[in-house]
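Quick notes on the structure that follows.
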Amino acid sequence: MSTSAEHRVLTIAGALLLLVLQVGGALLLLRETPTTSMLGPRVPVEVPDILGAVEFYGDDVFTVTSGDGLEQVRIDPSTVLTTLTGPARPADIRPGSGLVIWGRDPARVILVSTVP
Amino acid sequence: MSRRLDALIAIAIAAVCAALYLVTLAPGLPYPSGDSHELTTAAATLGIAHRTGYPLYTWLGFLFAHLLPVGDVDYRVNAMSALLGAAGVGGIYVLARQLDLRPLAAAFAALLFGLARTFWSQTVIAEVYAVNLCVLTVVLNLLVAWSRRGSARLLVGFALVFGLSSGTHMSNLSLAPAYSLFILLTDWRVLRRPRLILAMLVAFLVGLAQFAWLPLRAATVRFPNPTPDTVAGFLAYTVGAFAESRFAFALSALPERLALYLSFLSANFTPLGIAVGLLGMWVLLARHPVRFWLLCASFVTNLVVSSQLAVFGIDVHFIAGYVPWVLFVGFGVEAVGATIRRLVPSVSPALRTTTGALVLAGALLVVGRTGFAANDRRTDTAEADFQRDVFAMLPPDSQLVGAAGDFAQNLVYSHRVLGLRPDVALIDTHDGVPTRPAAPRFTTATTIDGHLTGAARWSVAPKALPDGAWFIPILAGARHDLVLWRVDTTPPVFAPADAAPAVRSDHRFADATLEGSTVTPAAPGRVHLETHWRLARPDDAVVVSTRIGAQPIESHELGFGNRRRYAAEVGSPGTRVVESFDLDVPSHLPPGRHPLAVGVTHFGDTGFTTEWLEVGHVDVG
């Protein structure tokens, strides 16, 4: 195969690969609409914003230690607090509780684990 | 542009990144640990880290720990991430130039990588990913240099460093098909040169030979896994490591995994960075299809392998794939620049270049601000402060029980690397037993409701503590699970009859009354706090917090979980509680007098508020 022919074949194959990657990826993302999360019906399907443990209670925000460091989390009456088995209350968020949090300032949904 | 100028630019880029990483570096053992404490200890003692062993990382860490003339060992191993990570960013510039990106786009691509939040996060702590990036850029530079110059030595050098790179992260070996493809597409006649192939194979095996280190040092393994001193153990420790976590997701989960990846890509490079990178893929394909296949195959390999991993903190596994991505972005940036040149040809080249540089600098500023805010670990002293105070407080000849394996390496570091308190017996292995049965025992293990928590394999050695032990807090660090407990065989007395506060306050919080408190300096770096509480009902759960000045220290449930356990196992814990423990004073606080405040959190139906009362002060010298 000549150099220019090799070049052409590689380019065509590369274009096909990119089409598969970019168009296929876009189509896959469009299909990403499962009706329930793997964690159950009470929690959102999308990727959480913060995963961590309750560290400290401030005046009206609490601090969560996540893999990215310390995060400030604010809740308000619109925030949905839940466990895997049922609704939760703010008092269920104990020091050291594991939290999965969607949305920021205020948090939209907080999944509370009772085990620190 | 001359090679010398390119080298100077690469050094300048590395210097800028090194400065940023060192400014934001964790000053000691970071919190949370991840694998940092273990990697630091392994490097300092020439031990073996968790699977896959990371021999090259350990050796480099040993050199830094012993040769870098600044700070303690923990700082030095953290600094290795900063310095080698920065060198890797400089290496990306060199790579970009070798791929014929212009200097501006090449510098932008390198700095975009260096300022992105995920990579930055790995340069400020002891971890393998920044060091691995440095080695990986050497691998790629050698490979591309060979494709440009055709020197067999470069190819043999590539094979050697590629083999070595398995010692900073074994997942690098998954890139072998991508690299092989590139070699064949560049010059398939390599296959006709058996001596060269043999030389490459030998060089690669020499690189891999570092893993002979594992059986030689198998006795140092503390991780509760099979030790690498048998063939089966060696294979399980290396190529078989985390087999259960690889390709762990069903194909039906592909859209979700892809969405997860895009969220990481966007968090690091912004949605605009994704768009420009997608464009850059096409640009590179049109310009140089062979190089496109190298970068694209590397990128896809990393995406496929890493997105299928079922592990915590998966984002760091994508770092190797971010290298081709920023190069794609570089090509995209050049294409956008060329388009603008065609659209507005009347603008002078100098003005175009200046404007382009300013726009790119602005983009880097946006990415860098996010990276800085997310990764500034200057005040990450909680673990180091806690370690210092734990070993200062323990009575002579006492016994300290840590979590087994990886998660007690903070204690192992302080005890064996720093040499703190050799009189204390440290029990940190899963089969550990008390060597001094009559000596007082202490632990830093995590508890909930008065009981030890954590999966059995990570928790303390089962025989290290007496059955039904109670855990009495004597030191609270600046994180919820940094607590030193005195181990007792009898339930605590919550309100000793002879306890009286130095200062009476009778302050009524919403959920409890603080009758009084005593604050006394305990030692440099800690303060003793005794608080006397009265509750409305014995079963009230009250969250108490402390802060020094504006600096949050800790929050805990009154009684540190023991009141719940007492109610379940003994009877009513009563309505009076006296808490008496030392509190870590963060070493990063500025000198001066700081107010010490105690807060109680009141929970409503939809929120909470914390009310504070100043109970004393802390003098920082």
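Each chain of the structure tokens is named A, B, ... in the order shown, its residues numbered from 1; ligands are numbered from 1 in display order.
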Define the interface residues of chain A facing chain B as those within 6 Å, counting only C-alpha atoms, and report them as a VMD selection string.
chain A and resid 10 to 11 28 to 29 32 55 to 56 59 to 60 76 to 77 90 to 91 95 to 96
With DSSP run on the backbone, what are the helix (DSSP H, G or I) residues within range 486-580 of chain B? I'd like them as a ChimeraX atom specification.
/B:562-569
Atoms kept (C-alpha atoms) for selection, written as a short mmCIF file (atom, residue, chain, number, x, y, z; two decimals), in the first residue's frame:
```cif
data_model
loop_
_atom_site.label_atom_id
_atom_site.label_comp_id
_atom_site.auth_asym_id
_atom_site.auth_seq_id
_atom_site.Cartn_x
_atom_site.Cartn_y
_atom_site.Cartn_z
CA ASN B 562 -22.28 6.17 74.56
CA ARG B 563 -25.61 7.49 75.84
CA ARG B 564 -27.49 5.59 73.12
CA ARG B 565 -25.59 2.41 73.91
CA TYR B 566 -26.06 2.90 77.64
CA ALA B 567 -29.82 3.28 77.17
CA ALA B 568 -29.91 0.07 75.14
CA GLU B 569 -27.67 -2.06 77.38
#
```
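Near Leu101 in chain B, within a cut-off of 8 Å and counting only C-alpha atoms, sit the residues B:Ala96, B:Arg97, B:Ala105, B:Ala106, B:Gly330, B:Phe331, B:Glu334, with same-chain residues fewer than 4 positions away left out.
Of the listed residues B:Ala107, B:Ala42, B:Ala320, B:Ala116, the one whose atoms come nearest to His169 in chain B is B:Ala320, with distances taken using only C-alpha atoms.
Between CA of Leu143 in chain B and CA of Leu155 in chain B lies a distance of 6.4 Å.
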